[in-house]
Each structure stands twice: as C-alpha cells, then as structure tokens.
Amino acid sequence: MAKDWWLYHGTGEGAVRRARLEAGSPPPWRDFTGTPDPVYAPPGCTGPAWERTRRRGEGYVPDDPEKDVVNTALHLRRPLLITGKPGVGKSTLAYSIASDLGLGPVLHWPITSRTVLRDGLYLYDAIGRLQEAGLEQLRTPGAAAAVPPAAAGPAGPAEPATGPSIARYLRLGPLGTALLPQDRPRVLLVDEIDKSDIDLPGDLLTVFEDGGFDIPELARLAKEEPTVAIGTDDDPDAAARITQGRVQCRYFPIVVLTSNGERDFPPAFLRRCVRLHLEPPRLDKLARIVQQRLKVDIEGSEEYQELVQSFLERAEDGDLATDQLLNAIQLRLAGAWSDAGDRERFLGTVMQHLTGPSA
C-alpha cells in the first residue's frame, strides 16, 4: 500500500505526484537560487529518448523498502547511491524514477577510470576553435588579431582574441545539463562510479553542495559576452543561456549513482548521499518481474516455475543477472530449445555465471 509521503511509487501515471514534487519545499540547506531561462525548455515526455526511458523504467519492480529510500532521497534532495551485484537493477531504478514521475529522458554519465569531473560538467573544443580562427584569418587576412599569450589558461590552449563565437565549441555534459536551473528536476544516472579515479567522488562534493559550477572559458569572456547560449548533453542545438560563466541549479537534480562494490568511498562523500543496497531478487519478486516485463504468469506454468527454480539454484554457485532469466523465458516463448534432452545445455547457455569458479 502506498504511503502518503511517497512521491515515487514505481507504478507510472505520476502527474499528481510530480506536481507535489515540484511544489515541495527543500531543506533549508538544499535551497538553491538559480533563475530558470524562459527560452530554454528541457526535453519532455515525447520523442525517442523518452520512449527509451519509459520502456526501461516501466519494467522495474521496486519493493516497499526501496521506495522508502528513494523517496527519502527525493525529499532531502540528496544523491542516491545504489550498491549491489551486477544485474540487480541498479541502473534501471534511475529510469523507473524518471518514468514514474514523468521527468523526461534520463541523462546518462557512464564512468571509467579516466573520467574526470569536467567530463560531466562541460566539453570545450579549444583546438577546433583555434583552427577555425586560423582559417578565418586565411580567408580574410588581417581580420583576426594574433593570439595573446595571456589568453592561455589551465583548461587548454590559448583562446583567439577574435573569431568565431565560443558558444559553437562549448557543450554541457550530463551533470552540467542536469544542473541547469529548472523548477522540475532532471534524473541523472552516474553509472558505475566505483570504476572512477580515486579523486572523482571528492571532486563531486563541491558540485553536490553548491548545486552549480563555473565555466572558466565563459567567465573570462564575461565582460565581452555576459550571456552565452550553448548546447546541452541532450541537444547540441538547445541553446541554454549561461550568464557570467555560472551554471546554478534551482531544483537539485535527482542524481542516481551506481556501484558494484569494487571500491570504498570517502566518509565525506557517503555522508552526502542516501544509500540503498539492492539484494538479488528472490522467488516472489522474480515472478513479479517476469509478469511485468514479459506478461508471463509464473504461477500458471510448471515449465516456467522450473526455469525460475533452476535460476535460483544456479545463482547459489555464482552471480547471475535477472535479465538472464528473462532471456531464458523469452527463448522458451519463441519455442527455442524445445527438446527436453537439451535442458542442461540450454541452461548453461543462457544462465552462465558472472562470478564464481564456472564464470
């Protein structure tokens, strides 16, 4: 039974709950002052990107304890750190939140060992801008001034004194796009943050606390161009206007960070997150997932009950992902592996262990 304080239910059709989300008062320490740009409109609940978010999110089946934690993060406007073994649905939960509350397509920031904070905030093609300035000078000799040495900065090569607008060479990253000032939050999935360089969680702290960041390349030009319209992670032609080189959120985005447990995080980072650990689903939840995703009633079919039981038994010897069970049932629905003598070979093909001796 849904609780009165819940905003996220995991059942879709959340227009009323989205209105409550937008109207809710933040904690005083999470109240940000960004001013929405009346010209910029983030993607809504239409188009291919939204359909991908909706389809993926509608397949997630949350338990009540999960809903409690997700709603805690929503009310406190804090990042949600989700841990658990691969394949338990950590990433899919982000899509479920966006789909359930109608918050538009999920912004996705996949993390690798080479990822740095700036990758998520914005991208600047300084080399491309310098090349374009050089070509412009060749087309119109004397039109472009020499590049002063002082224009060089820590962000990269020197910037041309004149030439093409810097806006063509700047684009917000997924985190930067999520932090654009809006009255309705975007959902940002920071996927597999445990794979990051050791410094990234600490670097994120200031952004999470301030709800904003500066773009030095724009700040240096603030007197000449106080407002610059640049592209977003969703759309390079979106023209989100940045004033004085500062991006400052109004409603802190719904940040979902996932971790497979490959590393520990510093206490200062953990203190600023609401944490949720997802255990592998057991029989009752698996039955609900199969019903939700494939419209198959496990209780009404002995064959599919046996497949689920085989999945649970094999999971005792090494990790399996829920989608491996879905793959097995999908194949059986298509009539594959119909020979009873091929059962073990079928199971070995579609339910290979992710960890353990046989992985």
# chains A, B, ... in the order shown; residues from 1 in each chain; ligands from 1

$ residues_around --residues "segment 252-257 of chain A" --least-positions-apart "5" --cutoff "7 Å" --atoms "only C-alpha atoms" --output "list in words"
Arg77, Pro79, Leu80, Leu81, Ile82, Ala94, Ala178, Leu179, Pro185, Arg186, Val187, Leu188, Leu189, Val190, Asp191, Ile193 and Gly211 of chain A

$ write_last_selection --atoms "C-alpha atoms" --output "PDB file, in the first residue's frame"
ATOM      1  CA  ARG A  77      17.269  16.389  -2.424  1.00  0.00           C
ATOM      2  CA  PRO A  79      22.155  11.958  -4.391  1.00  0.00           C
ATOM      3  CA  LEU A  80      21.068   8.318  -4.192  1.00  0.00           C
ATOM      4  CA  LEU A  81      23.993   5.854  -4.045  1.00  0.00           C
ATOM      5  CA  ILE A  82      22.862   2.371  -5.070  1.00  0.00           C
ATOM      6  CA  ALA A  94      17.006   5.630 -12.323  1.00  0.00           C
ATOM      7  CA  ALA A 178      21.165  18.311 -15.020  1.00  0.00           C
ATOM      8  CA  LEU A 179      22.232  21.399 -13.058  1.00  0.00           C
ATOM      9  CA  PRO A 185      14.405  18.175 -11.592  1.00  0.00           C
ATOM     10  CA  ARG A 186      16.094  16.037 -14.239  1.00  0.00           C
ATOM     11  CA  VAL A 187      17.206  12.486 -13.461  1.00  0.00           C
ATOM     12  CA  LEU A 188      20.956  11.920 -13.843  1.00  0.00           C
ATOM     13  CA  LEU A 189      22.416   8.405 -13.813  1.00  0.00           C
ATOM     14  CA  VAL A 190      26.096   8.330 -12.824  1.00  0.00           C
ATOM     15  CA  ASP A 191      26.818   4.745 -13.780  1.00  0.00           C
ATOM     16  CA  ILE A 193      31.140   5.380 -10.064  1.00  0.00           C
ATOM     17  CA  GLY A 211      24.376  22.885  -6.811  1.00  0.00           C
TER      18      GLY A 211
END

$ select_by_dssp --residues "segment 77-264 of chain A" --states "alpha helix (DSSP H)" --output "count of residues only"
51

$ closest_atom_pairs --of "segment 162-201 of chain A" --to "segment 121-124 of chain A" --cutoff "10 Å" --atoms "only C-alpha atoms" --output "JSON lines"
{"residue": "A:Ile166", "atom": "CA", "partner": "A:Tyr124", "partner_atom": "CA", "distance": 8.8}
{"residue": "A:Ala167", "atom": "CA", "partner": "A:Tyr124", "partner_atom": "CA", "distance": 9.2}
{"residue": "A:Arg168", "atom": "CA", "partner": "A:Tyr124", "partner_atom": "CA", "distance": 9.2}
{"residue": "A:Tyr169", "atom": "CA", "partner": "A:Tyr124", "partner_atom": "CA", "distance": 5.6}
{"residue": "A:Leu170", "atom": "CA", "partner": "A:Tyr124", "partner_atom": "CA", "distance": 4.6}
{"residue": "A:Arg171", "atom": "CA", "partner": "A:Leu123", "partner_atom": "CA", "distance": 5.2}
{"residue": "A:Leu172", "atom": "CA", "partner": "A:Tyr122", "partner_atom": "CA", "distance": 4.0}
{"residue": "A:Gly173", "atom": "CA", "partner": "A:Tyr122", "partner_atom": "CA", "distance": 4.4}
{"residue": "A:Pro174", "atom": "CA", "partner": "A:Leu121", "partner_atom": "CA", "distance": 6.7}
{"residue": "A:Leu175", "atom": "CA", "partner": "A:Leu121", "partner_atom": "CA", "distance": 5.2}
{"residue": "A:Gly176", "atom": "CA", "partner": "A:Leu121", "partner_atom": "CA", "distance": 4.2}
{"residue": "A:Thr177", "atom": "CA", "partner": "A:Leu121", "partner_atom": "CA", "distance": 7.6}
{"residue": "A:Ala178", "atom": "CA", "partner": "A:Leu121", "partner_atom": "CA", "distance": 9.2}
{"residue": "A:Leu179", "atom": "CA", "partner": "A:Leu121", "partner_atom": "CA", "distance": 8.9}

$ select_by_dssp --residues "segment 74-277 of chain A" --states "strand (DSSP E)" --output "PyMOL selection string"
chain A and resi 80-84+107-110+122-124+170-172+187-191+212-214+227-230+240-243+246-248+254-259+274-277

$ residues_around --residues "Ala41 of chain A" --least-positions-apart "4" --cutoff "10 Å" --atoms "only C-alpha atoms" --output "ChimeraX atom specification"
/A:36-37,182,238-240

$ write_last_selection --atoms "C-alpha atoms" --output "PDB file, in the first residue's frame"
ATOM      1  CA  PRO A  36      15.275  29.415 -14.939  1.00  0.00           C
ATOM      2  CA  ASP A  37      15.907  30.505 -18.517  1.00  0.00           C
ATOM      3  CA  GLN A 182      14.601  24.435 -13.653  1.00  0.00           C
ATOM      4  CA  ALA A 238      19.435  23.501 -27.407  1.00  0.00           C
ATOM      5  CA  ALA A 239      20.999  26.944 -26.709  1.00  0.00           C
ATOM      6  CA  ALA A 240      20.837  27.025 -22.922  1.00  0.00           C
TER       7      ALA A 240
END

$ atom_distance --atom1 "atom CA of Gly245 of chain A" --atom2 "atom CA of Gly231 of chain A"
14.0 Å

$ residues_around --residues "Gly348 of chain A" --least-positions-apart "2" --cutoff "12 Å" --atoms "only C-alpha atoms" --output "list in words"
Ser310, Phe311, Arg314, Leu320, Gln324, Leu325, Ala328, Trp337, Asp342, Arg343, Glu344, Arg345, Phe346, Val350, Met351, Gln352, His353, Ser358 and Ala359 of chain A

$ write_last_selection --atoms "C-alpha atoms" --output "PDB file, in the first residue's frame"
ATOM      1  CA  SER A 310      16.816 -23.521 -11.868  1.00  0.00           C
ATOM      2  CA  PHE A 311      17.862 -19.858 -11.970  1.00  0.00           C
ATOM      3  CA  ARG A 314      22.401 -21.866 -10.197  1.00  0.00           C
ATOM      4  CA  LEU A 320      23.519 -14.351 -12.172  1.00  0.00           C
ATOM      5  CA  GLN A 324      19.463 -13.910 -17.855  1.00  0.00           C
ATOM      6  CA  LEU A 325      16.239 -15.395 -16.525  1.00  0.00           C
ATOM      7  CA  ALA A 328      15.633 -17.865 -20.904  1.00  0.00           C
ATOM      8  CA  TRP A 337      15.375 -25.361 -27.024  1.00  0.00           C
ATOM      9  CA  ASP A 342      18.751 -30.203 -24.266  1.00  0.00           C
ATOM     10  CA  ARG A 343      17.642 -28.665 -20.963  1.00  0.00           C
ATOM     11  CA  GLU A 344      21.046 -28.561 -19.255  1.00  0.00           C
ATOM     12  CA  ARG A 345      22.765 -27.251 -22.362  1.00  0.00           C
ATOM     13  CA  PHE A 346      20.048 -24.604 -22.654  1.00  0.00           C
ATOM     14  CA  VAL A 350      21.558 -18.605 -21.118  1.00  0.00           C
ATOM     15  CA  MET A 351      22.494 -18.724 -17.408  1.00  0.00           C
ATOM     16  CA  GLN A 352      26.287 -18.560 -17.412  1.00  0.00           C
ATOM     17  CA  HIS A 353      27.710 -17.391 -14.103  1.00  0.00           C
ATOM     18  CA  SER A 358      32.495 -21.543 -13.631  1.00  0.00           C
ATOM     19  CA  ALA A 359      32.374 -17.902 -14.740  1.00  0.00           C
TER      20      ALA A 359
END

$ residues_around --residues "Pro105 of chain A" --least-positions-apart "5" --cutoff "12 Å" --atoms "only C-alpha atoms" --output "ChimeraX atom specification"
/A:42-57,94-100,174,177-178,185-189,233-235

$ closest_residue --among "A:Pro236, A:Pro266, A:Pro216, A:Gly104" --to "Asp203 of chain A" --atoms "only C-alpha atoms"
A:Pro266

$ residues_around --residues "Arg263 of chain A" --least-positions-apart "2" --cutoff "12 Å" --atoms "only C-alpha atoms" --output "VMD selection string"
chain A and resid 83 192 to 198 201 258 to 261 265 to 266

$ write_last_selection --atoms "N, CA and C atoms" --output "compact mmCIF listing (two decimals), in the first residue's frame"
# COMPACT_ATOMS: atom_id res chain seq x y z
N THR A 83 24.09 0.43 -4.34
CA THR A 83 25.10 -0.61 -4.44
C THR A 83 24.41 -1.97 -4.62
N GLU A 192 28.26 3.31 -12.46
CA GLU A 192 29.48 2.61 -12.04
C GLU A 192 30.55 3.58 -11.56
N ILE A 193 30.20 4.39 -10.59
CA ILE A 193 31.14 5.38 -10.06
C ILE A 193 32.31 4.71 -9.36
N ASP A 194 32.15 3.44 -8.95
CA ASP A 194 33.26 2.74 -8.30
C ASP A 194 34.41 2.47 -9.26
N LYS A 195 34.21 2.65 -10.56
CA LYS A 195 35.29 2.47 -11.53
C LYS A 195 36.12 3.74 -11.72
N SER A 196 35.73 4.82 -11.05
CA SER A 196 36.36 6.11 -11.30
C SER A 196 37.75 6.18 -10.69
N ASP A 197 38.48 7.21 -11.11
CA ASP A 197 39.72 7.59 -10.44
C ASP A 197 39.40 7.91 -8.98
N ILE A 198 40.39 7.74 -8.12
CA ILE A 198 40.17 7.91 -6.68
C ILE A 198 39.70 9.32 -6.33
N PRO A 201 35.03 11.05 -6.64
CA PRO A 201 34.00 11.26 -5.61
C PRO A 201 34.24 12.53 -4.80
N THR A 258 25.51 4.55 -9.20
CA THR A 258 25.52 3.10 -9.02
C THR A 258 26.94 2.63 -8.76
N SER A 259 27.05 1.56 -7.98
CA SER A 259 28.36 0.99 -7.64
C SER A 259 28.22 -0.52 -7.51
N ASN A 260 29.16 -1.23 -8.13
CA ASN A 260 29.21 -2.69 -7.99
C ASN A 260 30.05 -3.13 -6.80
N GLY A 261 30.48 -2.17 -5.99
CA GLY A 261 31.23 -2.50 -4.79
C GLY A 261 32.69 -2.79 -5.03
N PHE A 265 34.25 4.35 -0.65
CA PHE A 265 34.17 5.78 -0.88
C PHE A 265 34.52 6.52 0.42
N PRO A 266 35.06 7.74 0.30
CA PRO A 266 35.40 8.50 1.50
C PRO A 266 34.17 8.85 2.32

$ atom_distance --atom1 "atom CA of Gly59 of chain A" --atom2 "atom CA of Gln292 of chain A"
5.9 Å

$ atom_distance --atom1 "atom CA of Glu225 of chain A" --atom2 "atom CA of Ala126 of chain A"
17.3 Å

$ decode --residues "segment 47-71 of chain A" --atoms "N, CA and C atoms" --output "CSV table (one decimal), in the first residue's frame"
chain,number,residue,atom,x,y,z
A,47,GLY,N,9.1,11.8,-27.8
A,47,GLY,CA,10.3,11.5,-28.6
A,47,GLY,C,11.0,10.2,-28.3
A,48,PRO,N,12.0,9.8,-29.1
A,48,PRO,CA,12.7,8.6,-29.0
A,48,PRO,C,13.4,8.4,-27.6
A,49,ALA,N,14.1,9.5,-27.2
A,49,ALA,CA,14.8,9.4,-25.9
A,49,ALA,C,13.9,9.1,-24.7
A,50,TRP,N,12.7,9.7,-24.7
A,50,TRP,CA,11.7,9.5,-23.7
A,50,TRP,C,11.2,8.1,-23.8
A,51,GLU,N,10.9,7.6,-25.0
A,51,GLU,CA,10.4,6.2,-25.1
A,51,GLU,C,11.4,5.2,-24.6
A,52,ARG,N,12.7,5.4,-24.8
A,52,ARG,CA,13.7,4.5,-24.3
A,52,ARG,C,13.7,4.5,-22.7
A,53,THR,N,13.6,5.7,-22.2
A,53,THR,CA,13.5,5.9,-20.7
A,53,THR,C,12.2,5.2,-20.2
A,54,ARG,N,11.1,5.5,-20.8
A,54,ARG,CA,9.8,4.9,-20.4
A,54,ARG,C,9.8,3.4,-20.4
A,55,ARG,N,10.2,2.8,-21.5
A,55,ARG,CA,10.2,1.4,-21.7
A,55,ARG,C,11.1,0.7,-20.7
A,56,ARG,N,12.3,1.3,-20.5
A,56,ARG,CA,13.2,0.6,-19.5
A,56,ARG,C,12.7,0.8,-18.1
A,57,GLY,N,12.2,2.0,-17.8
A,57,GLY,CA,11.7,2.2,-16.4
A,57,GLY,C,10.5,1.5,-16.0
A,58,GLU,N,9.6,1.2,-17.0
A,58,GLU,CA,8.3,0.5,-16.6
A,58,GLU,C,8.6,-0.9,-16.3
A,59,GLY,N,9.7,-1.5,-16.7
A,59,GLY,CA,10.0,-2.9,-16.4
A,59,GLY,C,10.5,-3.1,-15.0
A,60,TYR,N,10.8,-2.0,-14.2
A,60,TYR,CA,11.4,-2.2,-12.9
A,60,TYR,C,10.3,-2.4,-11.8
A,61,VAL,N,10.5,-3.4,-10.9
A,61,VAL,CA,9.6,-3.7,-9.9
A,61,VAL,C,10.2,-3.4,-8.5
A,62,PRO,N,9.9,-2.2,-7.9
A,62,PRO,CA,10.5,-1.9,-6.6
A,62,PRO,C,9.7,-2.5,-5.5
A,63,ASP,N,10.5,-2.8,-4.4
A,63,ASP,CA,9.9,-3.2,-3.1
A,63,ASP,C,9.6,-2.0,-2.3
A,64,ASP,N,8.8,-2.2,-1.3
A,64,ASP,CA,8.5,-1.0,-0.4
A,64,ASP,C,9.7,-0.5,0.3
A,65,PRO,N,10.7,-1.3,0.8
A,65,PRO,CA,11.9,-0.7,1.4
A,65,PRO,C,12.7,0.2,0.4
A,66,GLU,N,12.7,-0.3,-0.9
A,66,GLU,CA,13.4,0.5,-1.9
A,66,GLU,C,12.6,1.9,-2.1
A,67,LYS,N,11.3,1.8,-2.2
A,67,LYS,CA,10.5,3.0,-2.3
A,67,LYS,C,10.8,4.0,-1.2
A,68,ASP,N,10.9,3.5,0.0
A,68,ASP,CA,11.2,4.3,1.2
A,68,ASP,C,12.5,5.1,1.0
A,69,VAL,N,13.5,4.4,0.6
A,69,VAL,CA,14.9,5.0,0.4
A,69,VAL,C,14.8,6.0,-0.7
A,70,VAL,N,14.3,5.6,-1.9
A,70,VAL,CA,14.2,6.6,-3.0
A,70,VAL,C,13.5,7.8,-2.6
A,71,ASN,N,12.3,7.7,-1.9
A,71,ASN,CA,11.6,8.9,-1.5
A,71,ASN,C,12.3,9.7,-0.5
